[in-house]
$ cat model12.tsv   # TSV, C-alpha atoms
chain	number	residue	atom	x	y	z
A	1	MET	CA	0.00	0.00	0.00
A	2	ILE	CA	2.85	2.41	0.88
A	3	ARG	CA	4.61	1.62	-2.41
A	4	LEU	CA	1.45	2.41	-4.35
A	5	LEU	CA	1.07	5.68	-2.46
A	6	ASP	CA	4.71	6.55	-3.21
A	7	LYS	CA	4.15	5.94	-6.92
A	8	ILE	CA	1.06	8.16	-6.97
A	9	VAL	CA	2.80	10.93	-5.03
A	10	PHE	CA	5.89	10.57	-7.23
A	11	LEU	CA	3.81	11.13	-10.37
A	12	PHE	CA	2.16	14.16	-8.77
A	13	SER	CA	5.61	15.43	-7.73
A	14	VAL	CA	6.96	15.19	-11.26
A	15	ILE	CA	3.98	17.15	-12.59
A	16	THR	CA	4.24	19.90	-9.95
A	17	LEU	CA	8.02	20.16	-10.29
A	18	CYS	CA	7.74	20.53	-14.06
A	19	GLY	CA	4.99	23.08	-13.51
A	20	LEU	CA	7.14	25.08	-11.09
A	21	LEU	CA	10.13	25.01	-13.45
A	22	GLY	CA	7.82	26.15	-16.23
A	23	ALA	CA	6.58	29.00	-14.01
A	24	TYR	CA	10.20	30.14	-13.55
A	25	THR	CA	10.42	30.69	-17.32
A	26	ALA	CA	7.28	32.87	-17.47
A	27	ARG	CA	9.30	36.08	-17.18
A	28	TYR	CA	11.36	35.27	-20.25
A	29	VAL	CA	8.91	33.69	-22.71
A	30	ASN	CA	6.68	36.02	-24.70
A	31	PRO	CA	3.10	34.64	-24.39
A	32	ASP	CA	2.45	35.95	-27.88
A	33	ILE	CA	4.86	33.21	-29.04
A	34	PHE	CA	4.21	30.47	-26.46
A	35	VAL	CA	1.48	30.99	-23.87
A	36	ILE	CA	1.92	28.01	-21.49
A	37	PRO	CA	4.67	29.56	-19.30
A	38	SER	CA	2.50	32.63	-18.67
A	39	LEU	CA	-0.31	30.39	-17.39
A	40	LEU	CA	2.11	28.51	-15.15
A	41	GLY	CA	3.41	31.86	-13.89
A	42	LEU	CA	-0.10	32.74	-12.70
A	43	ALA	CA	-0.25	29.40	-10.89
A	44	TYR	CA	3.16	29.92	-9.24
A	45	PRO	CA	1.90	30.42	-5.63
A	46	TYR	CA	-0.09	27.17	-5.78
A	47	LEU	CA	2.74	25.24	-7.41
A	48	LEU	CA	5.09	26.57	-4.73
A	49	VAL	CA	2.84	25.48	-1.86
A	50	ALA	CA	2.27	22.06	-3.46
A	51	ASN	CA	6.01	21.45	-3.80
A	52	ILE	CA	6.71	22.53	-0.21
A	53	LEU	CA	4.13	20.02	1.03
A	54	LEU	CA	5.66	17.34	-1.19
A	55	LEU	CA	9.10	18.17	0.19
A	56	PHE	CA	7.80	17.38	3.68
A	57	TYR	CA	6.37	14.10	2.39
A	58	TRP	CA	9.57	12.94	0.70
A	59	THR	CA	11.70	14.05	3.64
A	60	ALA	CA	9.52	12.02	6.00
A	61	ARG	CA	9.86	9.05	3.64
A	62	TRP	CA	13.68	9.52	3.43
A	63	LYS	CA	13.55	9.45	-0.36
A	64	LYS	CA	15.97	11.07	-2.83
A	65	MET	CA	13.03	12.92	-4.35
A	66	SER	CA	13.29	15.30	-1.39
A	67	ILE	CA	16.70	16.48	-2.66
A	68	VAL	CA	15.38	17.10	-6.17
A	69	THR	CA	12.39	19.03	-4.78
A	70	LEU	CA	14.62	21.09	-2.49
A	71	LEU	CA	16.94	22.02	-5.36
A	72	VAL	CA	14.04	23.18	-7.53
A	73	LEU	CA	12.61	25.22	-4.64
A	74	CYS	CA	15.99	26.83	-3.92
A	75	ALA	CA	16.36	27.76	-7.59
A	76	GLY	CA	13.19	29.81	-7.24
A	77	ILE	CA	14.24	31.92	-4.25
A	78	PRO	CA	14.74	35.08	-6.41
A	79	PHE	CA	11.18	34.70	-7.67
A	80	PHE	CA	9.79	34.20	-4.18
A	81	THR	CA	11.29	37.47	-2.96
A	82	SER	CA	9.27	39.34	-5.59
A	83	TYR	CA	6.11	38.11	-3.83
A	84	TYR	CA	7.22	38.49	-0.22
A	85	GLY	CA	9.26	41.47	0.92
A	86	THR	CA	11.92	41.09	3.60
A	87	HIS	CA	13.06	44.69	3.87
A	88	ARG	CA	12.54	47.32	6.51
A	89	SER	CA	11.88	50.95	5.65
A	90	ASP	CA	14.44	53.57	6.67
A	91	ALA	CA	12.23	56.49	5.68
A	92	ALA	CA	12.42	57.91	9.20
A	93	SER	CA	16.20	58.27	9.01
A	94	VAL	CA	16.64	59.06	5.29
A	95	SER	CA	15.24	62.19	3.67
A	96	SER	CA	13.26	61.85	0.45
A	97	ASP	CA	12.74	64.10	-2.55
A	98	ILE	CA	9.60	62.58	-4.10
A	99	SER	CA	6.54	60.87	-2.67
A	100	VAL	CA	4.26	58.89	-5.01
A	101	LEU	CA	0.87	57.16	-4.71
A	102	SER	CA	-0.59	54.64	-7.17
A	103	TYR	CA	-4.20	53.53	-6.80
A	104	ASN	CA	-6.82	51.74	-8.90
A	105	VAL	CA	-9.89	53.59	-7.59
A	106	ARG	CA	-12.46	51.43	-9.43
A	107	PHE	CA	-14.26	54.40	-10.98
A	108	PHE	CA	-14.80	55.97	-7.56
A	109	ASP	CA	-17.35	53.27	-6.77
A	110	LYS	CA	-19.82	54.46	-9.40
A	111	PHE	CA	-21.18	50.88	-9.66
A	112	GLY	CA	-21.87	50.70	-5.93
A	113	TRP	CA	-19.33	47.88	-5.40
A	114	SER	CA	-18.71	48.82	-1.77
A	115	LYS	CA	-22.42	49.08	-0.91
A	116	ASN	CA	-21.48	52.20	1.02
A	117	LYS	CA	-22.66	55.60	-0.19
A	118	GLN	CA	-19.78	57.27	1.63
A	119	THR	CA	-17.05	55.50	-0.38
A	120	TYR	CA	-16.82	58.32	-2.94
A	121	ASN	CA	-16.27	60.94	-0.25
A	122	LYS	CA	-13.86	58.68	1.63
A	123	LEU	CA	-11.77	58.24	-1.54
A	124	LEU	CA	-11.59	62.00	-2.06
A	125	ASP	CA	-10.63	62.51	1.56
A	126	TYR	CA	-7.96	59.80	1.41
A	127	LEU	CA	-6.37	61.21	-1.75
A	128	ASN	CA	-6.45	64.77	-0.40
A	129	ARG	CA	-4.80	63.67	2.85
A	130	PHE	CA	-1.92	62.03	0.97
A	131	LYS	CA	1.02	64.37	1.55
A	132	GLY	CA	3.01	63.36	-1.51
A	133	ASP	CA	3.85	65.02	-4.79
A	134	PHE	CA	1.44	63.21	-7.08
A	135	SER	CA	-1.12	60.42	-7.28
A	136	CYS	CA	-1.53	58.13	-10.27
A	137	LEU	CA	-5.08	56.80	-10.54
A	138	GLN	CA	-6.32	53.92	-12.68
A	139	GLU	CA	-9.99	53.30	-13.54
A	140	PHE	CA	-10.73	56.99	-13.28
A	141	PRO	CA	-14.26	57.81	-14.58
A	142	ALA	CA	-13.09	60.24	-17.27
A	143	ASN	CA	-16.15	59.78	-19.51
A	144	ASN	CA	-19.08	59.45	-17.18
A	145	THR	CA	-22.24	61.54	-17.10
A	146	SER	CA	-23.40	60.19	-13.73
A	147	LEU	CA	-20.06	61.09	-12.14
A	148	PRO	CA	-18.51	63.93	-14.18
A	149	PRO	CA	-14.70	64.09	-14.01
A	150	GLN	CA	-14.89	67.82	-13.28
A	151	GLN	CA	-16.72	66.99	-10.07
A	152	ILE	CA	-13.83	64.76	-8.94
A	153	ILE	CA	-11.22	67.30	-10.07
A	154	LYS	CA	-12.96	69.93	-7.96
A	155	GLY	CA	-13.13	67.48	-5.03
A	156	LEU	CA	-9.37	66.85	-5.22
A	157	SER	CA	-8.70	70.48	-4.42
A	158	THR	CA	-5.26	69.86	-2.88
A	159	TYR	CA	-3.86	69.00	-6.32
A	160	PRO	CA	-3.47	72.13	-8.47
A	161	TYR	CA	-2.44	70.15	-11.58
A	162	HIS	CA	-3.90	67.13	-13.35
A	163	SER	CA	-3.79	65.16	-16.59
A	164	LEU	CA	-6.54	62.82	-17.86
A	165	HIS	CA	-6.51	60.11	-20.53
A	166	LYS	CA	-9.25	57.51	-21.03
A	167	ASP	CA	-9.63	55.78	-17.63
A	168	MET	CA	-6.38	57.26	-16.28
A	169	ALA	CA	-5.54	60.34	-14.24
A	170	ILE	CA	-2.43	61.91	-12.76
A	171	PHE	CA	-3.04	64.47	-10.01
A	172	SER	CA	0.03	66.49	-9.17
A	173	ARG	CA	1.21	69.10	-6.69
A	174	LEU	CA	4.17	69.73	-8.98
A	175	PRO	CA	3.77	71.82	-12.16
A	176	ILE	CA	3.01	69.72	-15.25
A	177	LEU	CA	5.07	70.83	-18.23
A	178	HIS	CA	4.01	68.32	-20.87
A	179	THR	CA	1.57	65.43	-21.28
A	180	GLY	CA	1.32	62.53	-23.70
A	181	ARG	CA	0.05	59.00	-24.21
A	182	ILE	CA	1.19	55.66	-25.57
A	183	THR	CA	-1.11	54.29	-28.24
A	184	PHE	CA	-2.11	50.63	-28.04
A	185	ASP	CA	-4.04	48.49	-30.50
A	186	LYS	CA	-7.66	49.69	-30.85
A	187	SER	CA	-8.94	46.27	-29.81
A	188	HIS	CA	-7.12	46.54	-26.46
A	189	THR	CA	-8.62	47.99	-23.30
A	190	GLY	CA	-5.26	48.92	-21.77
A	191	SER	CA	-4.09	52.53	-21.65
A	192	ALA	CA	-0.97	54.51	-20.78
A	193	GLN	CA	-0.31	58.19	-20.18
A	194	TYR	CA	2.70	60.20	-19.10
A	195	CYS	CA	3.50	63.71	-18.04
A	196	ASP	CA	6.66	65.69	-17.37
A	197	VAL	CA	6.65	67.50	-14.03
A	198	LEU	CA	8.97	70.13	-12.63
A	199	LYS	CA	10.76	69.28	-9.37
A	200	GLY	CA	13.03	72.17	-8.46
A	201	LYS	CA	15.31	72.51	-11.46
A	202	ASP	CA	14.74	68.89	-12.47
A	203	THR	CA	12.19	67.53	-14.95
A	204	LEU	CA	10.76	64.09	-14.13
A	205	ARG	CA	8.68	61.89	-16.43
A	206	ILE	CA	5.74	60.18	-14.73
A	207	TYR	CA	4.07	57.19	-16.42
A	208	ASN	CA	0.64	55.96	-15.37
A	209	ILE	CA	-0.42	52.68	-16.98
A	210	HIS	CA	-3.33	50.27	-16.83
A	211	LEU	CA	-2.62	47.14	-18.84
A	212	GLU	CA	-5.07	44.74	-20.45
A	213	SER	CA	-7.60	43.21	-18.08
A	214	TYR	CA	-9.17	39.76	-18.37
A	215	ARG	CA	-12.52	41.36	-19.19
A	216	LEU	CA	-14.34	39.11	-16.76
A	217	GLY	CA	-18.02	39.92	-16.58
A	218	HIS	CA	-20.78	38.95	-14.19
A	219	LYS	CA	-21.01	35.43	-15.63
A	220	GLU	CA	-17.31	34.71	-15.13
A	221	ARG	CA	-17.23	36.15	-11.63
A	222	LYS	CA	-20.30	34.12	-10.72
A	223	PHE	CA	-18.59	30.98	-12.03
A	224	VAL	CA	-15.54	31.59	-9.82
A	225	LYS	CA	-17.78	31.99	-6.76
A	226	GLU	CA	-19.60	28.76	-7.68
A	227	ILE	CA	-16.29	26.88	-7.87
A	228	THR	CA	-15.38	27.95	-4.34
A	229	THR	CA	-18.73	26.75	-3.03
A	230	GLY	CA	-18.85	23.61	-5.18
A	231	ALA	CA	-22.13	24.68	-6.77
A	232	THR	CA	-21.00	24.94	-10.39
A	233	GLN	CA	-22.94	22.91	-12.95
A	234	ASP	CA	-20.95	23.41	-16.16
A	235	PHE	CA	-17.34	23.25	-15.03
A	236	SER	CA	-15.62	22.55	-18.37
A	237	LYS	CA	-17.44	25.30	-20.25
A	238	GLY	CA	-16.71	27.83	-17.50
A	239	VAL	CA	-13.01	26.94	-17.33
A	240	LYS	CA	-12.68	27.12	-21.11
A	241	ASN	CA	-14.29	30.56	-21.17
A	242	ILE	CA	-12.06	31.98	-18.44
A	243	LEU	CA	-8.92	30.36	-19.86
A	244	SER	CA	-9.54	31.91	-23.29
A	245	ARG	CA	-9.85	35.34	-21.68
A	246	ILE	CA	-6.64	34.86	-19.71
A	247	VAL	CA	-4.71	33.79	-22.81
A	248	ARG	CA	-6.01	36.74	-24.83
A	249	ALA	CA	-5.15	39.23	-22.07
A	250	ASN	CA	-1.66	37.75	-21.51
A	251	LYS	CA	-0.82	38.16	-25.19
A	252	ALA	CA	-2.19	41.72	-25.29
A	253	ARG	CA	-0.19	42.76	-22.22
A	254	ALA	CA	3.00	41.40	-23.76
A	255	ARG	CA	2.53	43.69	-26.77
A	256	GLN	CA	1.69	46.65	-24.53
A	257	ALA	CA	4.74	46.03	-22.35
A	258	LEU	CA	7.05	46.08	-25.38
A	259	LEU	CA	5.62	49.45	-26.49
A	260	ILE	CA	6.05	50.87	-22.99
A	261	ARG	CA	9.64	49.64	-22.74
A	262	GLU	CA	10.48	51.25	-26.08
A	263	HIS	CA	8.91	54.54	-25.00
A	264	ILE	CA	10.79	54.56	-21.66
A	265	ALA	CA	14.07	53.93	-23.46
A	266	GLN	CA	13.57	57.20	-25.36
A	267	SER	CA	12.72	59.30	-22.29
A	268	PRO	CA	15.06	62.29	-21.88
A	269	HIS	CA	14.17	62.54	-18.17
A	270	LYS	CA	14.32	60.53	-14.96
A	271	VAL	CA	11.39	58.08	-14.93
A	272	ILE	CA	8.80	57.04	-12.35
A	273	LEU	CA	6.22	54.51	-13.48
A	274	CYS	CA	3.02	53.62	-11.62
A	275	GLY	CA	0.23	51.33	-12.61
A	276	ASP	CA	-2.07	48.36	-12.50
A	277	PHE	CA	-0.40	45.68	-14.65
A	278	ASN	CA	-3.12	43.06	-14.16
A	279	ASP	CA	-0.18	40.66	-14.01
A	280	THR	CA	2.07	39.13	-11.38
A	281	PRO	CA	5.83	39.58	-10.80
A	282	LEU	CA	6.38	36.20	-12.46
A	283	SER	CA	5.28	37.40	-15.89
A	284	TYR	CA	6.75	38.52	-19.19
A	285	THR	CA	4.90	41.82	-18.78
A	286	TYR	CA	6.61	42.57	-15.48
A	287	ASN	CA	10.06	41.55	-16.68
A	288	THR	CA	9.80	43.52	-19.91
A	289	ILE	CA	8.89	46.81	-18.24
A	290	CYS	CA	11.13	46.28	-15.22
A	291	SER	CA	14.18	45.53	-17.38
A	292	GLN	CA	15.11	49.23	-17.43
A	293	LEU	CA	13.61	50.19	-14.08
A	294	MET	CA	13.70	49.25	-10.41
A	295	ASP	CA	10.79	47.83	-8.41
A	296	CYS	CA	10.20	49.80	-5.19
A	297	PHE	CA	8.74	46.72	-3.49
A	298	LEU	CA	11.91	44.72	-4.09
A	299	GLN	CA	13.93	47.47	-2.44
A	300	LYS	CA	11.77	48.35	0.55
A	301	GLY	CA	8.71	46.06	0.56
A	302	HIS	CA	7.92	44.01	3.65
A	303	GLY	CA	5.54	41.10	4.02
A	304	LEU	CA	3.00	39.79	1.53
A	305	GLY	CA	2.82	42.28	-1.33
A	306	ASN	CA	-0.68	41.47	-2.60
A	307	THR	CA	-2.54	44.50	-3.94
A	308	TYR	CA	-5.77	42.96	-5.30
A	309	ILE	CA	-8.85	42.43	-3.11
A	310	GLY	CA	-11.38	41.05	-5.62
A	311	GLU	CA	-12.99	37.65	-6.04
A	312	PHE	CA	-9.87	36.07	-7.47
A	313	PRO	CA	-6.73	35.03	-5.60
A	314	SER	CA	-4.85	38.00	-4.21
A	315	PHE	CA	-1.64	38.82	-6.08
A	316	ARG	CA	0.72	41.76	-6.41
A	317	ILE	CA	-0.45	43.35	-9.65
A	318	ASP	CA	0.05	47.05	-8.83
A	319	TYR	CA	3.55	48.51	-9.02
A	320	ILE	CA	5.73	51.58	-8.67
A	321	PHE	CA	8.97	51.45	-10.66
A	322	HIS	CA	11.67	54.05	-11.16
A	323	SER	CA	14.84	54.55	-13.16
A	324	PRO	CA	18.24	54.08	-11.43
A	325	ASP	CA	18.35	57.85	-10.92
A	326	PHE	CA	16.36	57.34	-7.69
A	327	ILE	CA	16.80	55.44	-4.43
A	328	THR	CA	13.72	53.98	-2.73
A	329	THR	CA	13.59	54.99	0.93
A	330	ASP	CA	10.10	53.72	1.73
A	331	TYR	CA	7.39	51.47	0.28
A	332	THR	CA	3.90	51.06	1.78
A	333	ARG	CA	0.86	49.02	0.84
A	334	HIS	CA	-2.01	50.85	2.50
A	335	SER	CA	-4.72	48.66	4.03
A	336	ILE	CA	-7.53	50.87	2.74
A	337	ASN	CA	-10.61	48.98	1.61
A	338	LEU	CA	-12.27	51.53	-0.70
A	339	SER	CA	-11.72	49.73	-4.01
A	340	ASP	CA	-10.90	46.22	-5.23
A	341	HIS	CA	-7.21	47.21	-5.04
A	342	TYR	CA	-5.03	48.44	-2.21
A	343	PRO	CA	-3.23	51.75	-2.80
A	344	ILE	CA	0.57	51.66	-2.74
A	345	SER	CA	3.01	54.50	-2.16
A	346	CYS	CA	6.73	55.06	-2.03
A	347	LYS	CA	9.25	57.72	-1.17
A	348	LEU	CA	12.24	58.33	-3.40
A	349	LYS	CA	15.50	60.18	-3.13
A	350	ILE	CA	17.25	61.46	-6.22
A	351	ARG	CA	20.55	59.62	-6.47
A	352	PRO	CA	23.51	61.96	-6.17
A	353	TYR	CA	26.06	61.76	-8.98
A	354	PHE	CA	29.51	63.16	-8.41
$ encode --input "model12.tsv" --output "structure tokens"
Amino acid sequence: MIRLLDKIVFLFSVITLCGLLGAYTARYVNPDIFVIPSLLGLAYPYLLVANILLLFYWTARWKKMSIVTLLVLCAGIPFFTSYYGTHRSDAASVSSDISVLSYNVRFFDKFGWSKNKQTYNKLLDYLNRFKGDFSCLQEFPANNTSLPPQQIIKGLSTYPYHSLHKDMAIFSRLPILHTGRITFDKSHTGSAQYCDVLKGKDTLRIYNIHLESYRLGHKERKFVKEITTGATQDFSKGVKNILSRIVRANKARARQALLIREHIAQSPHKVILCGDFNDTPLSYTYNTICSQLMDCFLQKGHGLGNTYIGEFPSFRIDYIFHSPDFITTDYTRHSINLSDHYPISCKLKIRPYF
């Protein structure tokens, strides 16, 4: 009986080990060319937990498979640190030059997601109380008759400058010198804007991006809830529908990331990039954009970095990056439950060059 169990667990171990190794390649394989690694990258947390449990099993059984599993897990330590921060902030002892907030505000709750009529006012109050230099907002209701953007602009009275584009907004306490946008394919829902702001005698380029979503509607969200309760009736059809949306979005984000990287490479100014990537740190999207920039979470993040609160598993999909011209002195994920995302902020110091 034990031998049979070992054979079954061994087969499961081989599958999960191959899956984890495949997830490690997700950062480097363009899903537009081969999509499987990107799907494994999304499953990374589950593959990681499964292999840790299997490591305990094989260790208890005193089998060589424990060594193989341990080696594969150790090879993934750099990827694990992008999900769980081990740093402590030194913001109290180090001065900063720039303070940044990034927040997907979910259209200021115009759909009544929170079931609280005060959410709109609470969001305005929260953003006004932020003492930083600028706030990058995603899912801003720029074209909405029921909640006119001018009403929100007036409500965010502590920001004298702003720039809007589609469902994006940058509110700044620094003078905006120039604004622009990055054009994506017309079939894509993603969007990207940028503006050049004046900080003392320095000009900084601020990017605010919201990459392709999975476009999951009420039916898909209902299906996910049914899975968790075991009440689903058409499992295969539901999985196929969601999987097709994930594949389509992964490919679209890869194209968007390449355009953003190219645009950043041509920037004549120091760069700060904020946004909702709709993708995890173990993704081609993340690696493509981050190749020229530095992730504030990796430098000063502490604890579980998840930023999404919705129906689906909580991942880190919101980011603040910057060019090597800055040093991160502080990174904070704010536990504010006013959207389906947590806001994140960081403090930066301009790197001295001698």
$ atom_distance --input "model12.tsv" --atom1 "CA of Tyr46 in chain A" --atom2 "CA of Leu298 in chain A"
21.3 Å
$ atom_distance --input "model12.tsv" --atom1 "CA of Gln292 in chain A" --atom2 "CA of Tyr84 in chain A"
21.8 Å
$ closest_residue --input "model12.tsv" --among "A:Asn128, A:Thr203, A:Gln138, A:Ser66" --to "Arg173 in chain A" --atoms "only C-alpha atoms"
A:Asn128
$ residues_near_point --input "model12.tsv" --point "(6.4, 13.5, 1.0)" --cutoff "12 Å" --atoms "all atoms listed in the file" --output "ChimeraX atom specification"
/A:2,5-13,50-67,69-70
$ residues_around --input "model12.tsv" --residues "range 206-208 of chain A" --least-positions-apart "5" --cutoff "9 Å" --atoms "all atoms listed in the file" --output "compact mmCIF listing (two decimals) with C-alpha atoms, in the frame of the given file"
# COMPACT_ATOMS: atom_id res chain seq x y z
CA SER A 102 -0.59 54.64 -7.17
CA CYS A 136 -1.53 58.13 -10.27
CA LEU A 137 -5.08 56.80 -10.54
CA GLN A 138 -6.32 53.92 -12.68
CA MET A 168 -6.38 57.26 -16.28
CA ALA A 169 -5.54 60.34 -14.24
CA ILE A 170 -2.43 61.91 -12.76
CA ARG A 181 0.05 59.00 -24.21
CA SER A 191 -4.09 52.53 -21.65
CA ALA A 192 -0.97 54.51 -20.78
CA GLN A 193 -0.31 58.19 -20.18
CA TYR A 194 2.70 60.20 -19.10
CA CYS A 195 3.50 63.71 -18.04
CA ASP A 196 6.66 65.69 -17.37
CA VAL A 197 6.65 67.50 -14.03
CA ILE A 264 10.79 54.56 -21.66
CA LYS A 270 14.32 60.53 -14.96
CA VAL A 271 11.39 58.08 -14.93
CA ILE A 272 8.80 57.04 -12.35
CA LEU A 273 6.22 54.51 -13.48
CA CYS A 274 3.02 53.62 -11.62
CA GLY A 275 0.23 51.33 -12.61
CA ASP A 276 -2.07 48.36 -12.50
$ residues_around --input "model12.tsv" --residues "Arg261 in chain A" --least-positions-apart "4" --cutoff "7 Å" --atoms "all atoms listed in the file" --output "list in words"
Ala257, Ala265, Thr288 and Ile289 of chain A
$ write_last_selection --input "model12.tsv" --atoms "C-alpha atoms" --output "short mmCIF file (atom, residue, chain, number, x, y, z; two decimals), keeping the file's coordinate frame"
data_model
loop_
_atom_site.label_atom_id
_atom_site.label_comp_id
_atom_site.auth_asym_id
_atom_site.auth_seq_id
_atom_site.Cartn_x
_atom_site.Cartn_y
_atom_site.Cartn_z
CA ALA A 257 4.74 46.03 -22.35
CA ALA A 265 14.07 53.93 -23.46
CA THR A 288 9.80 43.52 -19.91
CA ILE A 289 8.89 46.81 -18.24
#
$ residues_around --input "model12.tsv" --residues "range 24-38 of chain A" --least-positions-apart "6" --cutoff "9 Å" --atoms "only C-alpha atoms" --output "ChimeraX atom specification"
/A:44,75-76,79,247,250-252,254-255,281-288
$ atom_distance --input "model12.tsv" --atom1 "CA of Leu156 in chain A" --atom2 "CA of Leu127 in chain A"
7.3 Å
$ closest_residue --input "model12.tsv" --among "A:Asp133, A:Thr81, A:Asp109, A:Ser244" --to "Lys347 in chain A" --atoms "only C-alpha atoms"
A:Asp133
$ closest_residue --input "model12.tsv" --among "A:Ser163, A:Thr86, A:Ser345, A:Thr119" --to "Thr328 in chain A" --atoms "all atoms listed in the file"
A:Ser345
$ closest_residue --input "model12.tsv" --among "A:Gln256, A:Asn121, A:Ser291, A:Asn116" --to "Ile152 in chain A" --atoms "all atoms listed in the file"
A:Asn121
